[in-house]
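start16.tsv follows (TSV, C-alpha atoms):
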```tsv
chain	number	residue	atom	x	y	z
A	1	MET	CA	152.29	89.84	25.91
A	2	GLN	CA	152.23	92.86	28.20
A	3	ASN	CA	151.33	92.57	31.84
A	4	ILE	CA	148.09	94.58	32.00
A	5	TRP	CA	148.57	95.13	35.72
A	6	ASP	CA	152.00	96.77	35.27
A	7	SER	CA	151.49	100.30	36.63
A	8	SER	CA	154.36	101.65	34.49
A	9	ILE	CA	152.27	101.04	31.35
A	10	GLU	CA	149.94	103.88	30.47
A	11	VAL	CA	146.27	102.91	30.26
A	12	GLU	CA	146.15	103.90	26.61
A	13	GLU	CA	148.89	101.36	25.87
A	14	SER	CA	147.41	98.33	27.65
A	15	ASN	CA	146.10	95.25	25.84
A	16	TYR	CA	142.50	96.42	26.14
A	17	TYR	CA	142.96	99.85	24.58
A	18	TRP	CA	140.80	100.07	21.47
A	19	LYS	CA	142.50	102.18	18.80
A	20	ASP	CA	139.95	101.64	16.02
A	21	LYS	CA	136.45	102.94	15.45
A	22	PRO	CA	133.68	101.22	17.42
A	23	ILE	CA	132.26	98.09	15.78
A	24	ILE	CA	128.48	97.75	15.88
A	25	LYS	CA	126.80	94.35	15.63
A	26	PHE	CA	123.04	94.74	15.43
A	27	GLY	CA	120.86	92.35	17.35
A	28	ASP	CA	117.83	90.43	16.19
A	29	LYS	CA	114.28	91.75	16.40
A	30	LYS	CA	113.51	93.50	19.68
A	31	LYS	CA	110.86	92.64	22.22
A	32	ASN	CA	107.94	94.99	22.65
A	33	THR	CA	108.37	96.61	26.03
A	34	ASP	CA	107.90	100.04	27.52
A	35	TYR	CA	111.19	99.81	29.39
A	36	ARG	CA	114.54	100.07	27.61
A	37	HIS	CA	118.06	99.56	28.90
A	38	ILE	CA	121.57	100.47	27.69
A	39	ASP	CA	124.42	98.59	29.36
A	40	LEU	CA	127.70	100.54	29.57
A	41	PHE	CA	130.88	98.56	30.37
A	42	SER	CA	128.67	95.51	29.85
A	43	GLY	CA	131.14	92.67	30.12
A	44	CYS	CA	129.37	89.40	29.37
A	45	GLY	CA	125.89	90.76	30.17
A	46	GLY	CA	125.10	89.96	33.80
A	47	PHE	CA	123.67	93.43	34.43
A	48	SER	CA	121.60	93.17	31.24
A	49	GLU	CA	120.25	89.80	32.37
A	50	GLY	CA	118.95	91.34	35.57
A	51	PHE	CA	117.19	94.11	33.66
A	52	ILE	CA	115.71	91.61	31.18
A	53	GLN	CA	114.34	89.53	34.06
A	54	ALA	CA	112.80	92.72	35.45
A	55	GLY	CA	110.91	93.31	32.17
A	56	PHE	CA	113.29	95.65	30.36
A	57	SER	CA	114.52	95.40	26.79
A	58	SER	CA	118.33	95.43	26.73
A	59	ASP	CA	118.83	97.46	23.55
A	60	ILE	CA	122.56	98.27	23.53
A	61	ALA	CA	125.63	96.87	25.27
A	62	ILE	CA	129.00	98.64	25.05
A	63	ASP	CA	132.32	97.11	26.04
A	64	ILE	CA	135.94	97.04	24.93
A	65	HIS	CA	136.51	93.30	25.44
A	66	PRO	CA	135.48	91.23	22.36
A	67	PRO	CA	135.23	87.84	24.14
A	68	SER	CA	132.82	89.30	26.71
A	69	LEU	CA	130.64	90.77	23.97
A	70	LYS	CA	130.65	87.44	22.13
A	71	THR	CA	129.24	85.82	25.29
A	72	LEU	CA	126.65	88.60	25.64
A	73	GLN	CA	125.60	88.17	21.99
A	74	PHE	CA	125.16	84.42	22.51
A	75	ASN	CA	122.98	84.90	25.61
A	76	HIS	CA	121.12	88.01	24.39
A	77	PRO	CA	120.86	87.82	20.57
A	78	SER	CA	118.39	90.71	20.41
A	79	THR	CA	120.88	93.13	22.00
A	80	THR	CA	122.97	95.34	19.73
A	81	THR	CA	126.60	95.40	20.80
A	82	ILE	CA	129.19	98.09	20.31
A	83	CYS	CA	132.78	96.95	20.72
A	84	GLY	CA	135.18	99.80	21.27
A	85	ASP	CA	136.41	102.58	23.50
A	86	ILE	CA	133.38	104.23	25.08
A	87	LYS	CA	135.06	107.60	24.60
A	88	LYS	CA	134.62	107.05	20.85
A	89	VAL	CA	130.94	106.09	21.03
A	90	SER	CA	129.20	109.38	20.36
A	91	SER	CA	125.57	110.28	20.80
A	92	LYS	CA	125.57	110.93	17.04
A	93	LEU	CA	126.54	107.28	16.45
A	94	ILE	CA	123.72	106.09	18.71
A	95	LYS	CA	121.10	108.44	17.25
A	96	SER	CA	122.03	107.67	13.63
A	97	ASN	CA	121.39	103.96	14.26
A	98	GLU	CA	118.50	104.23	16.72
A	99	GLU	CA	115.88	102.73	14.39
A	100	LYS	CA	117.99	99.54	14.16
A	101	PHE	CA	118.03	98.99	17.93
```

Could you write out this structure as C-alpha coordinates?
Amino acid sequence: MQNIWDSSIEVEESNYYWKDKPIIKFGDKKKNTDYRHIDLFSGCGGFSEGFIQAGFSSDIAIDIHPPSLKTLQFNHPSTTTICGDIKKVSSKLIKSNEEKF
(Lines of atoms letter the chains of each structure in order from A and count residues from 1; the text may use other names and numbers.)
(Lines give C-alpha, C1' and ligand atoms only; values in the text may rest on other atoms or scores of the structure.)
Protein backbone atom coordinates (compact mmCIF):
# COMPACT_ATOMS: atom_id res chain seq x y z
CA MET A 1 0.00 0.00 0.00
CA GLN A 2 1.25 3.47 -0.88
CA ASN A 3 1.91 6.07 1.76
CA ILE A 4 -0.72 8.71 0.91
CA TRP A 5 1.32 11.36 2.72
CA ASP A 6 4.42 10.76 0.56
CA SER A 7 4.95 14.11 -1.20
CA SER A 8 6.82 12.43 -4.08
CA ILE A 9 3.57 10.75 -5.18
CA GLU A 10 1.44 12.87 -7.47
CA VAL A 11 -2.08 13.54 -6.19
CA GLU A 12 -3.57 11.78 -9.19
CA GLU A 13 -1.71 8.61 -8.20
CA SER A 14 -2.68 8.45 -4.52
CA ASN A 15 -4.98 5.79 -3.05
CA TYR A 16 -7.96 8.14 -3.11
CA TYR A 17 -7.77 9.09 -6.77
CA TRP A 18 -10.98 7.99 -8.47
CA LYS A 19 -10.30 6.88 -12.05
CA ASP A 20 -13.81 5.68 -12.90
CA LYS A 21 -17.05 7.48 -13.60
CA PRO A 22 -18.95 8.79 -10.57
CA ILE A 23 -21.28 6.26 -8.94
CA ILE A 24 -24.69 7.58 -7.93
CA LYS A 25 -26.72 5.92 -5.18
CA PHE A 26 -30.15 7.49 -4.93
CA GLY A 27 -31.62 8.10 -1.51
CA ASP A 28 -35.06 7.29 -0.22
CA LYS A 29 -38.02 9.65 -0.44
CA LYS A 30 -37.16 13.25 0.39
CA LYS A 31 -38.60 15.43 3.10
CA ASN A 32 -40.79 18.34 2.10
CA THR A 33 -38.81 21.46 2.88
CA ASP A 34 -38.21 24.81 1.26
CA TYR A 35 -34.49 24.64 2.00
CA ARG A 36 -32.17 22.32 0.10
CA HIS A 37 -28.52 21.49 0.65
CA ILE A 38 -25.74 19.89 -1.44
CA ASP A 39 -22.70 18.69 0.51
CA LEU A 40 -19.42 18.80 -1.44
CA PHE A 41 -16.46 16.84 -0.01
CA SER A 42 -19.03 15.42 2.40
CA GLY A 43 -17.03 12.84 4.29
CA CYS A 44 -19.33 10.95 6.64
CA GLY A 45 -21.97 13.70 6.73
CA GLY A 46 -21.29 15.93 9.74
CA PHE A 47 -21.91 19.10 7.73
CA SER A 48 -25.12 17.61 6.33
CA GLU A 49 -26.28 16.75 9.85
CA GLY A 50 -25.95 20.38 10.89
CA PHE A 51 -28.00 21.54 7.91
CA ILE A 52 -30.66 18.88 8.56
CA GLN A 53 -30.95 20.01 12.18
CA ALA A 54 -31.39 23.57 10.88
CA GLY A 55 -34.37 22.48 8.75
CA PHE A 56 -32.70 21.83 5.40
CA SER A 57 -33.09 18.81 3.16
CA SER A 58 -29.67 17.31 2.40
CA ASP A 59 -30.28 16.28 -1.21
CA ILE A 60 -26.83 15.32 -2.52
CA ALA A 61 -23.50 14.41 -0.93
CA ILE A 62 -20.34 14.06 -3.02
CA ASP A 63 -17.12 12.47 -1.85
CA ILE A 64 -14.31 10.27 -3.14
CA HIS A 65 -14.04 8.02 -0.07
CA PRO A 66 -16.48 5.05 -0.21
CA PRO A 67 -16.38 4.18 3.53
CA SER A 68 -17.32 7.77 4.44
CA LEU A 69 -20.24 7.72 2.02
CA LYS A 70 -21.39 4.37 3.42
CA THR A 71 -21.56 6.00 6.87
CA LEU A 72 -23.42 9.01 5.44
CA GLN A 73 -25.92 6.71 3.69
CA PHE A 74 -26.56 4.85 6.96
CA ASN A 75 -27.19 8.06 8.91
CA HIS A 76 -29.00 9.95 6.11
CA PRO A 77 -30.83 7.38 3.95
CA SER A 78 -32.79 10.07 2.08
CA THR A 79 -29.59 11.70 0.77
CA THR A 80 -28.37 10.77 -2.70
CA THR A 81 -24.64 10.11 -2.74
CA ILE A 82 -22.18 10.48 -5.57
CA CYS A 83 -18.91 8.63 -5.11
CA GLY A 84 -16.17 9.88 -7.37
CA ASP A 85 -13.82 12.65 -8.34
CA ILE A 86 -15.70 15.93 -8.06
CA LYS A 87 -13.98 17.09 -11.25
CA LYS A 88 -15.98 14.41 -13.07
CA VAL A 89 -19.35 15.35 -11.55
CA SER A 90 -20.80 17.67 -14.17
CA SER A 91 -23.79 19.95 -13.93
CA LYS A 92 -25.27 17.84 -16.75
CA LEU A 93 -25.07 14.76 -14.50
CA ILE A 94 -26.83 16.61 -11.68
CA LYS A 95 -29.51 18.15 -13.91
CA SER A 96 -30.27 14.87 -15.73
CA ASN A 97 -31.02 13.19 -12.39
CA GLU A 98 -32.59 16.14 -10.55
CA GLU A 99 -36.10 14.64 -10.37
CA LYS A 100 -34.67 11.64 -8.46
CA PHE A 101 -33.14 13.80 -5.71

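Computed from the coordinates, the atom CA of A:Glu49 to atom CA of A:Ile64 distance equals 18.8 Å.
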
_Residues within 7 Å of stretch 20-24 of chain A, only C-alpha atoms, excluding chain neighbours under 2 positions, as number ranges by chain_ = A: 18, 26, 81-85, 88-89

*Ref. answer, residues at most 10 Å from (120.4, 98.2, 21.2) with all atoms listed in the file, as a PyMOL selection string*: chain A and resi 24-28+30+36-39+57-62+78-82+94+97-101

Print the selection's residues with C-alpha atoms to a file, as a PDB file, in the coordinates of the input.
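Final output, selection.pdb:
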```
ATOM      1  CA  ILE A  24     128.480  97.750  15.880  1.00  0.00           C
ATOM      2  CA  LYS A  25     126.800  94.350  15.630  1.00  0.00           C
ATOM      3  CA  PHE A  26     123.040  94.740  15.430  1.00  0.00           C
ATOM      4  CA  GLY A  27     120.860  92.350  17.350  1.00  0.00           C
ATOM      5  CA  ASP A  28     117.830  90.430  16.190  1.00  0.00           C
ATOM      6  CA  LYS A  30     113.510  93.500  19.680  1.00  0.00           C
ATOM      7  CA  ARG A  36     114.540 100.070  27.610  1.00  0.00           C
ATOM      8  CA  HIS A  37     118.060  99.560  28.900  1.00  0.00           C
ATOM      9  CA  ILE A  38     121.570 100.470  27.690  1.00  0.00           C
ATOM     10  CA  ASP A  39     124.420  98.590  29.360  1.00  0.00           C
ATOM     11  CA  SER A  57     114.520  95.400  26.790  1.00  0.00           C
ATOM     12  CA  SER A  58     118.330  95.430  26.730  1.00  0.00           C
ATOM     13  CA  ASP A  59     118.830  97.460  23.550  1.00  0.00           C
ATOM     14  CA  ILE A  60     122.560  98.270  23.530  1.00  0.00           C
ATOM     15  CA  ALA A  61     125.630  96.870  25.270  1.00  0.00           C
ATOM     16  CA  ILE A  62     129.000  98.640  25.050  1.00  0.00           C
ATOM     17  CA  SER A  78     118.390  90.710  20.410  1.00  0.00           C
ATOM     18  CA  THR A  79     120.880  93.130  22.000  1.00  0.00           C
ATOM     19  CA  THR A  80     122.970  95.340  19.730  1.00  0.00           C
ATOM     20  CA  THR A  81     126.600  95.400  20.800  1.00  0.00           C
ATOM     21  CA  ILE A  82     129.190  98.090  20.310  1.00  0.00           C
ATOM     22  CA  ILE A  94     123.720 106.090  18.710  1.00  0.00           C
ATOM     23  CA  ASN A  97     121.390 103.960  14.260  1.00  0.00           C
ATOM     24  CA  GLU A  98     118.500 104.230  16.720  1.00  0.00           C
ATOM     25  CA  GLU A  99     115.880 102.730  14.390  1.00  0.00           C
ATOM     26  CA  LYS A 100     117.990  99.540  14.160  1.00  0.00           C
ATOM     27  CA  PHE A 101     118.030  98.990  17.930  1.00  0.00           C
TER      28      PHE A 101
END
```

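From atom CA of A:Ser68 back to atom CA of A:Asp34, the distance works out to 27.1 Å.
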
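With all atoms listed in the file as the atoms that count, the minimum distance from A:Leu40 to the choices A:Lys95, A:Lys70, A:Lys19, A:Lys87 is reached by A:Lys87.
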
_Using Å and a single decimal, report how far atom CA of A:Lys92 sits from atom CA of A:Ala54._
28.9 Å

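Among the candidates A:Ser90, A:Asp6, A:Leu72, A:Ser96, the residue lying nearest to A:Gly45 is A:Leu72 (atoms considered: all atoms listed in the file).
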
_Residue neighbourhood A:Leu69, 7 Å, all atoms listed in the file, exclusion window fewer than 4 positions, as a VMD selection string_ = chain A and resid 43 to 44 63 65 73 81
